[in-house]
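Let me begin by presenting the structure, written as structure tokens, before commenting on it.
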Amino acid sequence: MRAPARITVAALCALAALATPARADVTTSDITIPAHGTRVVFDNSEPTITVSGTSDGKGGDSVDIVCFERTGQAPLFETVPVAADGSFTATAKPDNLVGACRLRALPHDPPAGLVVTPFAGPGVVVEHRTTDRIMSGPNTDRPFDYFVLNQQDRGVADYDSVGECGLCDMRLTDFSRWTNSQRLFIGAAALYRYNAPDGRNSVNVGGRPAYAPAAARVVNPDAPGLPALEHTVSVDPVTHDLRIDESEALVHCPGDPVPATATNCTAFQAAAVRLERTILQSEAGVLVRITDRWVNTSGSAQRVDLRYDQLLRDPGDGRHPSYDLSWEPAGYAVRAGGQSVAGPGWGPGTIFVRAASDAPDGGFDLPQGAITAFPPPSAIRFLAPTDFIADYSMSLPPGGSETVVHVFRMATNRAELNAGARRAEDELGGPSVSFSTPAGGATVRPAVTVTGAASDNGGLDALQVAGRPVAPGPGGRWSVRLRLREGPATIEAVARDHFGNSATANRRLLVDGTPPSVRRLRLSARRFAVGRRATPRSAAQRGTHAGAAVRRGTVAGAAPRRGARARRAPRRGTVFRYRLSEPAVVSLAIEHPARGVRLAGRGCVSATARNRRALARRLAKRVRRMPRDRRARALRRLRRAARCTVYVRDGALRRAVPKSGGVSTPFTGRIGRR
């Protein structure tokens, strides 16, 4: 028995020795192909890349070719044997390499903590532009999703369609070290199949759960009616800015089960709404703008309810992202699941995010971000410290559309985020303009003053009213004097901001250029006495003249009554009767006749002592050269010719008459103290 036992122990030891891998002898390496800075696009053609170099290894050794995108993160490209002279080479698809990274050939199965500086290699960039298709079943080869990764000088981001993760990953890049920051956004502006906490679907159309192609594929990839994803990708050859346009038809499950599965959703029905999404990555890769246009494809109004999911990376070690909601005074704070916050109201709102609550301002590895949305969500609800949803509800008119924009930005410091958020809010918010006076539908004269107010959250670039440039004053208030043509008129005010956004307001008016007129003025008593009770001004007991003046119009009145004073006592008061062409403000003037003299250049003026002396001097000059016997007779004749009657204003009655036609205005009393 002992012998078998000794044999067994020996055999186990031998097996253990065979199972233990020998320590690799490779201690240095240098990858010489591809060249430093090579950029590879992994697309539907599935290209390959060749990696080769030298090492101090020998035949029987092997190296792991890895690509470091940051310290401690090195996706494996390929494991290859080392030739007798230490060289190695491998050709494979770079589908597991993403963005900027540095190739290194390390000893196979390298030990933890291995110092990698002796293993040299080039920096490369691997981008992705692929389309995901259903691989089997009745919907084989139908596109339902895409994967696009775009690397720029300051940042890298990758994307899936809206039914997957949307903005799936966003990091800062430092090409001086060929390294990336930790991820911050790892799923943003996404609309998944359904969403916690109550399990309601991310997209509801007309009160029914709806699914984009990628979400429908998760429900049942074999169901008839599954829509195909349409998308295009373009990259600017100079700036490397990215644009993705995707068009997604939405579908329902019969009976609207939640959650929908292949068991309870065996076919799809077309929804009445389509999503047109545009993704723009710019500013060297640190800015991503996602514009969703929800289009009603039916002939009836449709209600759309959305829950956009925004997912962030948890840095670990008990730390969590912290949020600063710009419309709340709390500042940065970690948010627990279950918290809910109302949206910012009308204007664009920005949420600032730190990768960790204790992340220093200015740090690269734990970046900061900002999310600016317009229109703002009605509510923000946190599902976990790293996950929140933004609620939207909109009503689409028949054939109409509504747009939701999300702007994502990353930086190392809050100051850069603040400046970017202000620009985004200004670009998204747009200006406003309104009229104050005159009121809409009012009747105005051709020369009219129009007032209003205009504003913009980033400052107005231009304001025009009726095609004329206008400079707003304090508080955005503006005023302009216009001359309009007779008849109906529409005044347009247009305000523009620095981004070309504009707002327009219209004010419809009726322009009345024909002055009102008074006709057939009559008085019940042309000679009347002062009454006992006071009115604005009085009439004299002497003979009077009454006339009617219409504001903005002509004057028509009763001719003065000349002659001797009435033999009988004058009546107290009178009634003015006249016909008015339109509603107007009428002034009834009350005057009495008085002696006057005619002065050259002044006409008939009151016969005051000063005016009589002036007349005497003028007449004396005229007869100065006449013979003495004719001078006196000429003076008497000239004095008689210079006599005239002047009317002295006693007062006026001002009445607003709200109608046209016959008008009767009684008057009795006093004017002033008389």
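If you're wondering about the labels, chains in the structure tokens are A, B, ... by order shown, residues count from 1 in each chain, ligands from 1 in order shown.
Scanning segment 593-635 of chain A with DSSP on the backbone, the strand (DSSP E or B) assignments fall on Pro593, Ala594, Arg595, Gly596, Val597, Arg598, Leu599, Gly603, Cys604, Val605 and Ser606 of chain A.
Shell of Ala270 of chain A at 10 Å, with only C-alpha atoms counted and residues fewer than 6 places along the chain excluded, is A:Ala210, A:Tyr211, A:Gly225, A:Leu226, A:Pro227, A:Ala249, A:Leu250, A:Val251, A:His252, A:Cys253.
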Every residue of segment 271-503 of chain A that DSSP places in alpha helix (DSSP H), as a PyMOL selection string: chain A and resi 414-429
Residues from the last selection, N, CA, C and O atoms, saved as a tab-separated table (two decimals), in the first residue's frame:
chain	number	residue	atom	x	y	z
A	414	ARG	N	-14.39	73.63	-13.08
A	414	ARG	CA	-15.75	74.18	-13.10
A	414	ARG	C	-15.81	75.47	-13.92
A	414	ARG	O	-16.84	75.76	-14.55
A	415	ALA	N	-14.75	76.26	-13.94
A	415	ALA	CA	-14.79	77.52	-14.68
A	415	ALA	C	-15.07	77.27	-16.16
A	415	ALA	O	-15.87	77.98	-16.78
A	416	GLU	N	-14.42	76.28	-16.76
A	416	GLU	CA	-14.66	75.97	-18.17
A	416	GLU	C	-16.09	75.48	-18.37
A	416	GLU	O	-16.74	75.83	-19.36
A	417	LEU	N	-16.59	74.69	-17.42
A	417	LEU	CA	-17.97	74.22	-17.53
A	417	LEU	C	-18.96	75.37	-17.42
A	417	LEU	O	-19.97	75.40	-18.12
A	418	ASN	N	-18.69	76.31	-16.52
A	418	ASN	CA	-19.60	77.46	-16.37
A	418	ASN	C	-19.70	78.25	-17.67
A	418	ASN	O	-20.79	78.61	-18.12
A	419	ALA	N	-18.55	78.52	-18.29
A	419	ALA	CA	-18.56	79.28	-19.54
A	419	ALA	C	-19.29	78.51	-20.63
A	419	ALA	O	-20.09	79.09	-21.38
A	420	GLY	N	-19.06	77.22	-20.71
A	420	GLY	CA	-19.74	76.42	-21.71
A	420	GLY	C	-21.23	76.33	-21.47
A	420	GLY	O	-22.03	76.36	-22.42
A	421	ALA	N	-21.64	76.21	-20.21
A	421	ALA	CA	-23.06	76.13	-19.88
A	421	ALA	C	-23.78	77.42	-20.22
A	421	ALA	O	-24.91	77.41	-20.72
A	422	ARG	N	-23.11	78.56	-19.96
A	422	ARG	CA	-23.74	79.85	-20.31
A	422	ARG	C	-23.95	79.95	-21.82
A	422	ARG	O	-25.00	80.43	-22.28
A	423	ARG	N	-22.96	79.51	-22.59
A	423	ARG	CA	-23.12	79.55	-24.05
A	423	ARG	C	-24.24	78.62	-24.50
A	423	ARG	O	-25.05	78.98	-25.37
A	424	ALA	N	-24.30	77.44	-23.90
A	424	ALA	CA	-25.35	76.49	-24.28
A	424	ALA	C	-26.72	77.03	-23.91
A	424	ALA	O	-27.68	76.92	-24.70
A	425	GLU	N	-26.86	77.60	-22.73
A	425	GLU	CA	-28.15	78.13	-22.31
A	425	GLU	C	-28.57	79.30	-23.19
A	425	GLU	O	-29.75	79.44	-23.54
A	426	ASP	N	-27.59	80.14	-23.57
A	426	ASP	CA	-27.90	81.25	-24.46
A	426	ASP	C	-28.33	80.74	-25.83
A	426	ASP	O	-29.31	81.21	-26.41
A	427	GLU	N	-27.60	79.74	-26.34
A	427	GLU	CA	-27.92	79.20	-27.65
A	427	GLU	C	-29.28	78.52	-27.67
A	427	GLU	O	-30.04	78.65	-28.63
A	428	LEU	N	-29.61	77.80	-26.59
A	428	LEU	CA	-30.86	77.05	-26.57
A	428	LEU	C	-32.05	77.92	-26.19
A	428	LEU	O	-33.16	77.71	-26.68
A	429	GLY	N	-31.82	78.89	-25.28
A	429	GLY	CA	-32.95	79.65	-24.75
A	429	GLY	C	-33.59	80.60	-25.74
A	429	GLY	O	-34.80	80.67	-25.87
Nearby residues (only C-alpha atoms) at most 7 Å from segment 280-283 of chain A, same-chain spacing under 5 positions excluded, as a list in words: Asp241, Leu242, Arg243, Ile244, Val288, Arg289 and Ile290 of chain A
Selection near Val156 of chain A, 9 Å with only C-alpha atoms, sequence-local residues under 6 positions removed, as a PyMOL selection string: chain A and resi 99-100+149-150+169-173+180+284-286
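Residues with any atom within 7 Å of segment 378-389 of chain A, counting only C-alpha atoms and excluding same-chain neighbours fewer than 6 positions away, are Pro197, Arg307, Tyr308, Asp309, Gln310, Leu311, Leu312, Arg313, Asp314, His320, Pro321, Val334, Arg335, Ala336, Gly337, Gly338, Gln339, Ser340, Val341, Ala342 and Gly343 of chain A.
Proximity ranking of A:Asp43, A:Glu486, A:Leu509, A:Gly400 relative to Gly441 of chain A places A:Leu509 first, based on only C-alpha atoms.
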Who sits within 9 Å of Asp30 of chain A, only C-alpha atoms, same chain under 6 positions skipped, as a ChimeraX atom specification: /A:52-55,104-105,118-122
Residues just named, written with C-alpha atoms as a PDB file, in the first residue's frame:
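The result, written out as result36.pdb:
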ATOM      1  CA  SER A  52       5.319  43.573 -34.868  1.00  0.00           C
ATOM      2  CA  GLY A  53       8.494  44.318 -32.982  1.00  0.00           C
ATOM      3  CA  THR A  54      11.518  42.969 -31.129  1.00  0.00           C
ATOM      4  CA  SER A  55      12.239  41.739 -27.607  1.00  0.00           C
ATOM      5  CA  ARG A 104       3.133  47.406 -25.486  1.00  0.00           C
ATOM      6  CA  ALA A 105       4.354  43.808 -25.736  1.00  0.00           C
ATOM      7  CA  PRO A 118      10.844  48.863 -20.489  1.00  0.00           C
ATOM      8  CA  PHE A 119       8.205  47.765 -22.952  1.00  0.00           C
ATOM      9  CA  ALA A 120       8.095  50.502 -25.586  1.00  0.00           C
ATOM     10  CA  GLY A 121       5.508  50.984 -28.301  1.00  0.00           C
ATOM     11  CA  PRO A 122       3.620  53.501 -30.391  1.00  0.00           C
TER      12      PRO A 122
END
